[in-house]
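Novice: My structure is in protein39.txt, and what it holds is compact mmCIF, C-alpha atoms:
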# COMPACT_ATOMS: atom_id res chain seq x y z
CA MET A 1142 0.00 0.00 0.00
CA GLY A 1143 2.81 2.39 0.92
CA TYR A 1144 4.60 1.59 -2.35
CA HIS A 1145 1.50 2.51 -4.37
CA ILE A 1146 1.12 5.84 -2.56
CA VAL A 1147 4.78 6.71 -3.19
CA PHE A 1148 4.37 5.73 -6.86
CA ILE A 1149 1.25 7.88 -7.28
CA ILE A 1150 2.92 10.88 -5.61
CA GLY A 1151 6.05 10.44 -7.72
CA PHE A 1152 4.08 10.00 -10.96
CA THR A 1153 1.89 13.03 -10.21
CA SER A 1154 4.97 15.12 -9.41
CA CYS A 1155 6.60 14.12 -12.72
CA ILE A 1156 3.47 15.06 -14.67
CA TYR A 1157 3.31 18.37 -12.83
CA LEU A 1158 6.96 19.15 -13.60
CA LEU A 1159 6.45 18.14 -17.23
CA LEU A 1160 3.50 20.52 -17.54
CA ILE A 1161 5.58 23.32 -16.02
CA LEU A 1162 8.35 22.61 -18.54
CA ILE A 1163 5.90 22.59 -21.47
CA TYR A 1164 4.38 25.85 -20.25
CA ALA A 1165 7.84 27.43 -20.00
CA LEU A 1166 8.97 26.25 -23.44
CA TYR A 1167 5.75 26.84 -25.40
CA PRO A 1168 6.28 30.58 -26.18
CA TYR A 1169 9.69 29.82 -27.71
CA LEU A 1170 8.57 26.87 -29.85
CA ARG A 1171 5.42 28.26 -31.45
CA HIS A 1172 5.13 30.50 -34.51
CA SER A 1173 4.58 34.24 -34.03
CA ASP A 1174 1.11 35.71 -34.60
CA LEU A 1175 2.59 38.98 -35.84
CA LYS A 1176 1.19 38.51 -39.36
CA LYS A 1177 -2.39 39.05 -38.21
CA TYR A 1178 -1.47 42.62 -37.25
CA ILE A 1179 0.11 43.47 -40.61
CA ASN A 1180 -1.62 44.39 -43.85
CA ASP A 1181 -1.05 46.83 -46.73
CA ASP A 1182 -2.74 49.73 -44.89
CA SER A 1183 -1.52 49.11 -41.34
CA PHE A 1184 1.35 50.90 -39.62
CA ALA A 1185 3.70 50.00 -36.82
CA MET A 1186 4.93 52.83 -34.61
CA VAL A 1187 8.31 52.34 -32.95
CA THR A 1188 9.62 54.79 -30.38
CA GLY A 1189 13.35 55.42 -30.08
CA SER A 1190 13.73 54.05 -33.60
CA THR A 1191 16.91 55.88 -34.62
CA ASP A 1192 19.28 53.60 -32.70
CA ASP A 1193 19.81 50.20 -31.15
CA ILE A 1194 16.78 48.00 -30.35
CA GLY A 1195 14.24 50.52 -31.66
CA LYS A 1196 15.95 50.81 -35.03
CA ALA A 1197 16.41 47.04 -35.27
CA VAL A 1198 12.72 46.46 -34.55
CA ALA A 1199 11.67 49.05 -37.14
CA LEU A 1200 13.83 47.36 -39.79
CA GLU A 1201 12.55 43.91 -38.86
CA LEU A 1202 8.92 45.06 -38.99
CA ALA A 1203 9.51 46.65 -42.39
CA LYS A 1204 11.07 43.39 -43.57
CA ARG A 1205 7.92 41.57 -42.49
CA GLY A 1206 5.69 43.90 -44.48
CA ALA A 1207 4.61 46.59 -42.03
CA ASN A 1208 4.52 50.29 -42.85
CA ILE A 1209 6.54 52.21 -40.27
CA ILE A 1210 6.11 55.32 -38.13
CA LEU A 1211 9.56 56.25 -36.85
CA HIS A 1212 9.89 58.23 -33.64
CA GLY A 1213 13.06 59.93 -32.43
CA ARG A 1214 14.43 63.21 -31.17
CA ASN A 1215 17.16 63.65 -33.80
CA GLU A 1216 15.70 64.71 -37.15
CA ASP A 1217 18.82 63.81 -39.14
CA LYS A 1218 18.89 60.30 -37.68
CA LEU A 1219 15.16 59.88 -38.35
CA HIS A 1220 15.57 60.68 -42.03
CA SER A 1221 18.65 58.45 -42.21
CA VAL A 1222 16.75 55.45 -40.83
CA ALA A 1223 13.78 56.26 -43.08
CA LEU A 1224 16.08 56.27 -46.11
CA GLU A 1225 17.65 52.98 -45.02
CA ILE A 1226 14.23 51.36 -44.75
CA LYS A 1227 13.10 52.70 -48.13
CA GLU A 1228 16.29 51.47 -49.80
CA GLN A 1229 15.86 47.96 -48.41
CA PHE A 1230 12.07 47.79 -48.66
CA PRO A 1231 10.84 50.16 -51.41
CA ALA A 1232 7.16 49.26 -50.90
CA CYS A 1233 7.26 50.30 -47.24
CA ARG A 1234 5.56 53.59 -46.36
CA VAL A 1235 7.55 55.52 -43.76
CA VAL A 1236 6.43 58.45 -41.60
CA CYS A 1237 8.71 60.31 -39.17
CA ILE A 1238 7.74 61.97 -35.88
CA ASN A 1239 10.41 64.17 -34.33
CA HIS A 1240 9.89 64.54 -30.57
CA ASP A 1241 12.06 64.51 -27.45
CA GLY A 1242 10.45 62.11 -24.99
CA THR A 1243 12.12 63.84 -22.05
CA ALA A 1244 10.42 67.15 -22.87
CA VAL A 1245 7.58 68.49 -20.75
CA SER A 1246 5.40 68.92 -23.83
CA ASP A 1247 3.45 65.85 -24.97
CA ILE A 1248 4.03 64.28 -28.36
CA ASP A 1249 1.73 65.54 -31.12
CA THR A 1250 0.16 62.55 -32.86
CA ALA A 1251 -2.17 64.59 -35.07
CA MET A 1252 -0.08 63.93 -38.17
CA VAL A 1253 -0.66 60.17 -37.86
CA SER A 1254 -4.23 60.26 -36.54
CA HIS A 1255 -5.61 59.16 -39.93
CA LEU A 1256 -3.37 56.08 -40.12
CA ASN A 1257 -4.35 52.56 -39.09
CA ILE A 1258 -1.84 51.81 -36.36
CA SER A 1259 -1.99 48.14 -35.40
CA ILE A 1260 1.44 47.76 -33.77
CA LEU A 1261 3.00 49.99 -31.11
CA VAL A 1262 6.49 49.27 -29.82
CA ASN A 1263 7.51 51.39 -26.84
CA SER A 1264 11.26 50.83 -26.93
CA VAL A 1265 12.71 54.24 -26.13
CA GLY A 1266 14.45 54.49 -22.78
CA VAL A 1267 17.54 55.53 -20.88
CA GLY A 1268 19.39 53.90 -17.98
CA PRO A 1269 21.97 56.15 -16.33
CA ILE A 1270 24.18 54.26 -13.87
CA SER A 1271 24.95 56.26 -10.75
CA PRO A 1272 24.45 56.31 -6.98
CA LEU A 1273 21.11 57.99 -6.38
CA ALA A 1274 22.74 60.69 -4.25
CA GLU A 1275 24.70 61.83 -7.31
CA PHE A 1276 21.66 62.18 -9.56
CA THR A 1277 20.57 65.71 -10.38
CA ASP A 1278 16.90 66.66 -10.23
CA ASP A 1279 16.96 67.04 -14.00
CA LYS A 1280 18.38 63.55 -14.57
CA VAL A 1281 15.77 61.96 -12.28
CA PHE A 1282 12.98 63.83 -14.05
CA LYS A 1283 14.20 63.00 -17.56
CA THR A 1284 14.69 59.31 -16.78
CA ILE A 1285 11.21 58.97 -15.32
CA ARG A 1286 9.71 61.13 -18.05
CA LEU A 1287 11.24 59.17 -20.93
CA ASN A 1288 10.92 55.67 -19.50
CA ALA A 1289 7.50 55.86 -17.86
CA MET A 1290 5.49 59.01 -18.56
CA PHE A 1291 6.19 59.24 -22.29
CA PRO A 1292 5.14 55.66 -23.22
CA SER A 1293 2.09 55.93 -20.97
CA GLN A 1294 0.89 59.16 -22.58
CA LEU A 1295 1.66 57.96 -26.10
CA THR A 1296 -0.21 54.70 -25.54
CA ARG A 1297 -3.22 56.60 -24.19
CA LYS A 1298 -3.22 58.92 -27.21
CA LEU A 1299 -3.04 56.04 -29.69
CA LEU A 1300 -5.66 53.78 -28.08
CA PRO A 1301 -8.52 55.05 -30.31
CA GLN A 1302 -6.50 54.10 -33.40
CA LEU A 1303 -5.31 50.81 -31.97
CA ASN A 1304 -8.91 49.90 -31.13
CA ARG A 1305 -10.01 50.20 -34.78
CA GLN A 1306 -8.64 46.73 -35.50
CA PRO A 1307 -6.85 43.88 -33.70
CA SER A 1308 -3.60 45.39 -32.46
CA VAL A 1309 -0.57 44.65 -30.33
CA ILE A 1310 1.47 46.80 -27.93
CA LEU A 1311 5.01 45.72 -27.06
CA ASN A 1312 6.55 47.50 -24.08
CA VAL A 1313 10.27 47.01 -23.60
CA SER A 1314 10.96 46.45 -19.92
CA SER A 1315 14.13 45.08 -18.30
CA TYR A 1316 15.52 42.38 -16.05
CA ALA A 1317 16.07 45.30 -13.65
CA ALA A 1318 12.30 45.30 -13.10
CA ILE A 1319 12.59 41.80 -11.59
CA TYR A 1320 16.06 41.96 -9.99
CA PRO A 1321 16.68 45.67 -9.32
CA PRO A 1322 20.46 46.13 -9.22
CA PRO A 1323 22.36 48.81 -7.27
CA TYR A 1324 23.17 52.13 -8.93
CA LEU A 1325 20.12 51.79 -11.22
CA ALA A 1326 17.39 52.69 -8.75
CA VAL A 1327 15.55 55.18 -10.97
CA TYR A 1328 15.89 53.05 -14.11
CA ALA A 1329 14.80 49.88 -12.29
CA GLY A 1330 11.81 51.72 -10.85
CA THR A 1331 10.67 52.91 -14.27
CA LYS A 1332 11.09 49.45 -15.79
CA ALA A 1333 9.07 47.90 -12.97
CA TYR A 1334 6.43 50.50 -13.82
CA ASN A 1335 6.58 49.48 -17.51
CA ASN A 1336 6.03 45.86 -16.55
CA ALA A 1337 3.09 46.58 -14.22
CA PHE A 1338 1.61 49.07 -16.72
CA SER A 1339 1.69 46.40 -19.44
CA ILE A 1340 0.15 43.66 -17.31
CA SER A 1341 -2.62 45.93 -16.07
CA LEU A 1342 -3.36 47.17 -19.58
CA SER A 1343 -3.43 43.64 -20.98
CA ARG A 1344 -6.18 42.79 -18.47
CA GLU A 1345 -8.08 45.95 -19.33
CA LEU A 1346 -8.10 45.87 -23.13
CA GLU A 1347 -10.09 43.33 -25.11
CA ASN A 1348 -9.10 44.01 -28.72
CA ILE A 1349 -5.43 44.76 -28.08
CA GLU A 1350 -2.69 42.33 -27.11
CA VAL A 1351 -0.20 43.84 -24.65
CA ILE A 1352 3.13 42.23 -23.77
CA SER A 1353 5.89 43.39 -21.44
CA LEU A 1354 9.25 42.31 -22.84
CA ILE A 1355 11.71 41.65 -20.03
CA THR A 1356 15.06 42.46 -21.61
CA GLY A 1357 18.44 41.22 -20.47
CA SER A 1358 21.85 42.28 -21.75
CA VAL A 1359 21.78 43.30 -25.43
CA ASN A 1360 24.65 44.79 -27.43
CA THR A 1361 23.71 48.43 -28.08
CA GLY A 1362 25.28 51.87 -28.22
CA SER A 1363 25.04 52.12 -24.43
CA ASN A 1364 26.07 48.50 -23.84
CA THR A 1365 29.12 48.04 -26.04
CA LYS A 1366 30.30 44.80 -24.48
CA GLN A 1367 31.08 42.06 -26.99
CA ILE A 1368 28.23 40.18 -28.66
CA THR A 1369 27.93 36.69 -27.18
CA PHE A 1370 25.34 33.94 -26.91
CA MET A 1371 24.04 35.60 -23.75
CA ARG A 1372 24.36 39.13 -25.16
CA PRO A 1373 22.77 39.19 -28.64
CA SER A 1374 22.95 42.03 -31.13
CA ALA A 1375 20.00 44.39 -31.33
CA ALA A 1376 19.06 42.87 -34.72
CA VAL A 1377 18.93 39.35 -33.29
CA TYR A 1378 17.03 40.50 -30.22
CA ALA A 1379 14.45 42.29 -32.40
CA LYS A 1380 13.61 38.99 -34.12
CA TYR A 1381 13.04 37.32 -30.77
CA MET A 1382 10.89 40.25 -29.60
CA LEU A 1383 8.52 39.82 -32.52
CA SER A 1384 8.53 36.03 -32.24
CA VAL A 1385 6.61 36.07 -28.94
CA VAL A 1386 3.63 38.00 -30.31
CA GLY A 1387 0.53 35.91 -29.61
CA CYS A 1388 2.25 33.73 -27.01
CA GLY A 1389 -0.48 34.35 -24.45
CA ARG A 1390 1.85 35.82 -21.82
CA LYS A 1391 1.47 39.27 -20.35
CA SER A 1392 5.15 39.47 -19.41
CA ILE A 1393 7.98 37.42 -20.88
CA MET A 1394 11.69 37.32 -21.61
CA PRO A 1395 11.63 36.99 -25.41
CA TYR A 1396 15.25 35.85 -25.68
CA TRP A 1397 15.19 32.37 -24.14
CA PRO A 1398 18.87 32.33 -22.98
CA HIS A 1399 17.98 35.35 -20.82
CA ALA A 1400 15.09 33.38 -19.31
CA ILE A 1401 17.43 30.51 -18.41
CA GLN A 1402 19.95 32.97 -16.97
CA GLN A 1403 17.34 34.60 -14.76
CA PHE A 1404 16.05 31.20 -13.60
CA LEU A 1405 19.55 30.20 -12.54
CA ILE A 1406 20.05 33.53 -10.75
CA SER A 1407 16.81 32.94 -8.83
CA LEU A 1408 18.34 29.78 -7.33
CA PHE A 1409 21.13 31.71 -5.58
CA PRO A 1410 20.71 33.26 -2.13
CA GLU A 1411 19.78 36.93 -2.32
CA LYS A 1412 22.92 38.06 -0.49
CA ILE A 1413 25.14 36.40 -3.08
CA VAL A 1414 23.17 37.98 -5.94
CA ASP A 1415 23.40 41.37 -4.24
CA PHE A 1416 27.17 41.04 -3.78
CA LEU A 1417 27.83 39.96 -7.36
CA THR A 1418 25.59 42.57 -8.97
CA LYS A 1419 27.06 45.36 -6.85
CA LYS A 1420 30.57 44.27 -7.75
CA ALA A 1421 29.69 44.15 -11.46
CA LEU A 1422 27.85 47.49 -11.50
CA LYS A 1423 30.65 49.28 -9.64
CA LYS A 1424 32.86 48.64 -12.67
CA GLU A 1425 30.31 50.47 -14.84
CA LEU A 1426 30.33 53.62 -12.71
CA LYS A 1427 32.02 56.56 -14.35
CA PRO A 1428 34.56 58.38 -12.17
CA SER A 1429 33.17 61.53 -10.64
CA ALA A 1430 34.33 64.72 -12.37
Can you give me the file's structure in the form of structure tokens?
Specialist:
Amino acid sequence: MGYHIVFIIGFTSCIYLLLILIYALYPYLRHSDLKKYINDDSFAMVTGSTDDIGKAVALELAKRGANIILHGRNEDKLHSVALEIKEQFPACRVVCINHDGTAVSDIDTAMVSHLNISILVNSVGVGPISPLAEFTDDKVFKTIRLNAMFPSQLTRKLLPQLNRQPSVILNVSSYAAIYPPPYLAVYAGTKAYNNAFSISLSRELENIEVISLITGSVNTGSNTKQITFMRPSAAVYAKYMLSVVGCGRKSIMPYWPHAIQQFLISLFPEKIVDFLTKKALKKELKPSA
């Protein structure tokens, strides 16, 4: 009798663990549903699209047939990216919106109000590394403004257009939202906001898919460390970002090696994680002037 009980418990535990594994792997094995949000008349708006992840996503979306609305604060860079897209994908319609997300004034979306926007990618952001005591009021304001207030206001403004047809909103968050490291208090706080904002919005909206993309280390202009398996290029990461569309998750790490990395980190005692992250981030601090 005891043997049968042990067998049943063991068998049930194995099935349970198998289901957990299938649930964890499913988003990375399925095909993306991105195509259902793209047609000849639809547009994808990408914020921070003149550099790094934003630019890579804009190019990847154009490659997959979407018309693009580029957002950035540098007009020359905007036109340069627009030209690059048009050269590679002549059929793609490109619109540029020049706006500084750190500015007090809200972005004017009137010029795109007539367009069918079915994809919104909030990728713009900044992550200054510094002890909080050394932050200026202006740096705190601009970080919060760009990372949290700007995407929130832009999303609110575009909701009427997004609601015209099935749409998707991709909000780029960060591993710092889950494991807030030292010297990134303001950045981590805004990325935790992005994650919560996305999850709440996904539960609120019925015709719009909303996903928070928990981003690990990616090779960019601000993270110039060598490209590795664990640190993909922005172009590679953009492909993984779009691959999770339709996965059914409200928050996910789109690059599966990052997900494994974070799982392994979660197994360590918090004090060890704190020590290692503080040691690593101290190397990133710029010497005080």
Novice: Could you state the separation of atom CA of Tyr1178 of chain A and atom CA of Ile1258 of chain A in Å, given to one decimal place?
Specialist: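 Value for the atom CA of Tyr1178 of chain A-atom CA of Ile1258 of chain A distance: 9.2 Å.
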Novice: Which residues are close to segment 1413-1415 of chain A, i.e. within 10 Å by only C-alpha atoms, leaving aside same-chain residues fewer than 4 positions away? Reply as a ChimeraX atom specification.
Specialist: /A:1320-1323,1406-1409,1419-1421
Novice: Smallest atom-to-atom distance to Leu1200 of chain A: which of A:Ala1251, A:Leu1354, A:Ala1379, A:Leu1303, using all atoms listed in the file?
Specialist: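 Checking each candidate against Leu1200 of chain A, we get A:Ala1379 as the closest.
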Novice: Kindly indicate which residue among A:Asn1312, A:Gln1229, A:Thr1250, A:Asn1360 lies nearest to Met1394 of chain A, using all atoms listed in the file for the distances.
Specialist: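 Checking each of A:Asn1312, A:Gln1229, A:Thr1250, A:Asn1360 against Met1394 of chain A, counting all atoms listed in the file, the winner is A:Asn1312.
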Novice: So what do you get for atom CA of Met1252 of chain A versus atom CA of Leu1175 of chain A, distance-wise?
Specialist: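 Computing the Euclidean distance for atom CA of Met1252 of chain A and atom CA of Leu1175 of chain A yields 25.2 Å.
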Novice: Skipping near chain neighbours, those fewer than 3 positions away, what residues fall within 9 Å of Ser1314 of chain A using only C-alpha atoms, listed as a PyMOL selection string?
Specialist: chain A and resi 1264+1317-1318+1331-1336+1353-1356
Novice: Env of segment 1161-1165 of chain A: 12 Å cut, atoms = only C-alpha atoms, seq-sep filter 4 positions within chain, self excluded. Answer as a list in words.
Specialist: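 Surrounding residues, per the criterion: Ser1154, Cys1155, Ile1156, Tyr1157, Tyr1169, Leu1170, Arg1171, Cys1388, Gly1389, Arg1390, Ile1393, Met1394, Pro1395, Trp1397, Ala1400, Ile1401 and Phe1404 of chain A.
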Novice: So the first atom is atom CA of Gly1242 of chain A and the second is atom CA of Leu1383 of chain A; what is the distance between them in Å, to one decimal place?
Specialist: 23.6 Å
Novice: Please put the answer as JSON: centre and edge lengths, in Å with one decimal, of a box along x, y and z that encloses all listed atoms of segment 1288-1291 of chain A plus 5 Å on each side.
Specialist:
{"center_x": 8.2, "center_y": 57.5, "center_z": -20.1, "size_x": 15.4, "size_y": 13.6, "size_z": 14.4}
Novice: List the spatial neighbours of Asp1247 of chain A as an mmCIF file with C-alpha atoms, in the frame of the given file - criterion: any atom at most 9 Å away, all atoms listed in the file, same-chain residues fewer than 4 positions off excluded.
Specialist:
data_model
loop_
_atom_site.group_PDB
_atom_site.id
_atom_site.type_symbol
_atom_site.label_atom_id
_atom_site.label_comp_id
_atom_site.auth_asym_id
_atom_site.auth_seq_id
_atom_site.Cartn_x
_atom_site.Cartn_y
_atom_site.Cartn_z
ATOM 1 C CA HIS A 1240 9.890 64.540 -30.570
ATOM 2 C CA GLY A 1242 10.450 62.110 -24.990
ATOM 3 C CA PHE A 1291 6.190 59.240 -22.290
ATOM 4 C CA GLN A 1294 0.890 59.160 -22.580
ATOM 5 C CA LEU A 1295 1.660 57.960 -26.100
#
Novice: Which of these, A:Ser1183, A:Ser1254, A:Thr1361, A:Ser1259, has the shortest distance to Lys1298 of chain A once you count only C-alpha atoms?
Specialist: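 Closest residue, counting only C-alpha atoms: A:Ser1254.
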Novice: Point out the residue among A:Asn1208, A:Thr1418, A:His1172, A:Ser1363 with the least atom-to-atom distance to Asp1193 of chain A, counting all atoms listed in the file.
Specialist: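 Selected residue with least distance to Asp1193 of chain A: A:Ser1363.
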Novice: For Met1186 of chain A, find every residue with an atom within 10 Å (counting all atoms listed in the file), except residues of its own chain fewer than 4 positions away, and show them as an MDAnalysis selection string.
Specialist: chainID A and resid 1190 1199 1202 1207:1212 1235:1238 1253 1258:1263 1299 1310
Novice: Between A:Phe1416, A:Tyr1167, A:Tyr1328, A:Phe1338, single out the one closest to Leu1273 of chain A, counting only C-alpha atoms.
Specialist: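 Between A:Phe1416, A:Tyr1167, A:Tyr1328, A:Phe1338, the residue approaching Leu1273 of chain A most closely is A:Tyr1328.
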Novice: What would segment 1397-1416 of chain A look like with N, CA and C atoms in place, written as a PDB file, in the frame of the given file?
Specialist:
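Result written to part-v4.pdb:
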ATOM      1  N   TRP A1397      15.240  33.472 -25.095  1.00  0.00           N
ATOM      2  CA  TRP A1397      15.190  32.370 -24.140  1.00  0.00           C
ATOM      3  C   TRP A1397      16.475  32.173 -23.320  1.00  0.00           C
ATOM      4  N   PRO A1398      17.687  32.441 -23.855  1.00  0.00           N
ATOM      5  CA  PRO A1398      18.870  32.330 -22.980  1.00  0.00           C
ATOM      6  C   PRO A1398      18.788  33.271 -21.776  1.00  0.00           C
ATOM      7  N   HIS A1399      18.169  34.441 -21.954  1.00  0.00           N
ATOM      8  CA  HIS A1399      17.980  35.350 -20.820  1.00  0.00           C
ATOM      9  C   HIS A1399      17.065  34.733 -19.767  1.00  0.00           C
ATOM     10  N   ALA A1400      16.036  34.024 -20.231  1.00  0.00           N
ATOM     11  CA  ALA A1400      15.090  33.380 -19.310  1.00  0.00           C
ATOM     12  C   ALA A1400      15.800  32.317 -18.480  1.00  0.00           C
ATOM     13  N   ILE A1401      16.659  31.538 -19.139  1.00  0.00           N
ATOM     14  CA  ILE A1401      17.430  30.510 -18.410  1.00  0.00           C
ATOM     15  C   ILE A1401      18.377  31.171 -17.410  1.00  0.00           C
ATOM     16  N   GLN A1402      19.028  32.243 -17.843  1.00  0.00           N
ATOM     17  CA  GLN A1402      19.950  32.970 -16.970  1.00  0.00           C
ATOM     18  C   GLN A1402      19.244  33.473 -15.716  1.00  0.00           C
ATOM     19  N   GLN A1403      18.066  34.068 -15.898  1.00  0.00           N
ATOM     20  CA  GLN A1403      17.340  34.600 -14.760  1.00  0.00           C
ATOM     21  C   GLN A1403      16.834  33.489 -13.840  1.00  0.00           C
ATOM     22  N   PHE A1404      16.470  32.349 -14.419  1.00  0.00           N
ATOM     23  CA  PHE A1404      16.050  31.200 -13.600  1.00  0.00           C
ATOM     24  C   PHE A1404      17.203  30.740 -12.714  1.00  0.00           C
ATOM     25  N   LEU A1405      18.386  30.640 -13.304  1.00  0.00           N
ATOM     26  CA  LEU A1405      19.550  30.200 -12.540  1.00  0.00           C
ATOM     27  C   LEU A1405      19.899  31.203 -11.438  1.00  0.00           C
ATOM     28  N   ILE A1406      19.778  32.487 -11.756  1.00  0.00           N
ATOM     29  CA  ILE A1406      20.050  33.530 -10.750  1.00  0.00           C
ATOM     30  C   ILE A1406      19.084  33.401  -9.573  1.00  0.00           C
ATOM     31  N   SER A1407      17.832  33.050  -9.883  1.00  0.00           N
ATOM     32  CA  SER A1407      16.810  32.940  -8.830  1.00  0.00           C
ATOM     33  C   SER A1407      17.117  31.819  -7.839  1.00  0.00           C
ATOM     34  N   LEU A1408      17.999  30.897  -8.207  1.00  0.00           N
ATOM     35  CA  LEU A1408      18.340  29.780  -7.330  1.00  0.00           C
ATOM     36  C   LEU A1408      19.379  30.152  -6.284  1.00  0.00           C
ATOM     37  N   PHE A1409      20.084  31.284  -6.511  1.00  0.00           N
ATOM     38  CA  PHE A1409      21.130  31.710  -5.580  1.00  0.00           C
ATOM     39  C   PHE A1409      20.524  32.492  -4.412  1.00  0.00           C
ATOM     40  N   PRO A1410      21.144  32.433  -3.258  1.00  0.00           N
ATOM     41  CA  PRO A1410      20.710  33.260  -2.130  1.00  0.00           C
ATOM     42  C   PRO A1410      20.779  34.739  -2.491  1.00  0.00           C
ATOM     43  N   GLU A1411      19.857  35.511  -1.977  1.00  0.00           N
ATOM     44  CA  GLU A1411      19.780  36.930  -2.320  1.00  0.00           C
ATOM     45  C   GLU A1411      21.058  37.683  -1.988  1.00  0.00           C
ATOM     46  N   LYS A1412      21.697  37.351  -0.881  1.00  0.00           N
ATOM     47  CA  LYS A1412      22.920  38.060  -0.490  1.00  0.00           C
ATOM     48  C   LYS A1412      24.033  37.857  -1.513  1.00  0.00           C
ATOM     49  N   ILE A1413      24.109  36.669  -2.071  1.00  0.00           N
ATOM     50  CA  ILE A1413      25.140  36.400  -3.080  1.00  0.00           C
ATOM     51  C   ILE A1413      24.844  37.188  -4.355  1.00  0.00           C
ATOM     52  N   VAL A1414      23.576  37.213  -4.752  1.00  0.00           N
ATOM     53  CA  VAL A1414      23.170  37.980  -5.940  1.00  0.00           C
ATOM     54  C   VAL A1414      23.463  39.460  -5.734  1.00  0.00           C
ATOM     55  N   ASP A1415      23.142  39.959  -4.545  1.00  0.00           N
ATOM     56  CA  ASP A1415      23.400  41.370  -4.240  1.00  0.00           C
ATOM     57  C   ASP A1415      24.896  41.691  -4.335  1.00  0.00           C
ATOM     58  N   PHE A1416      25.716  40.820  -3.775  1.00  0.00           N
ATOM     59  CA  PHE A1416      27.170  41.040  -3.780  1.00  0.00           C
ATOM     60  C   PHE A1416      27.717  41.048  -5.201  1.00  0.00           C
TER      61      PHE A1416
END
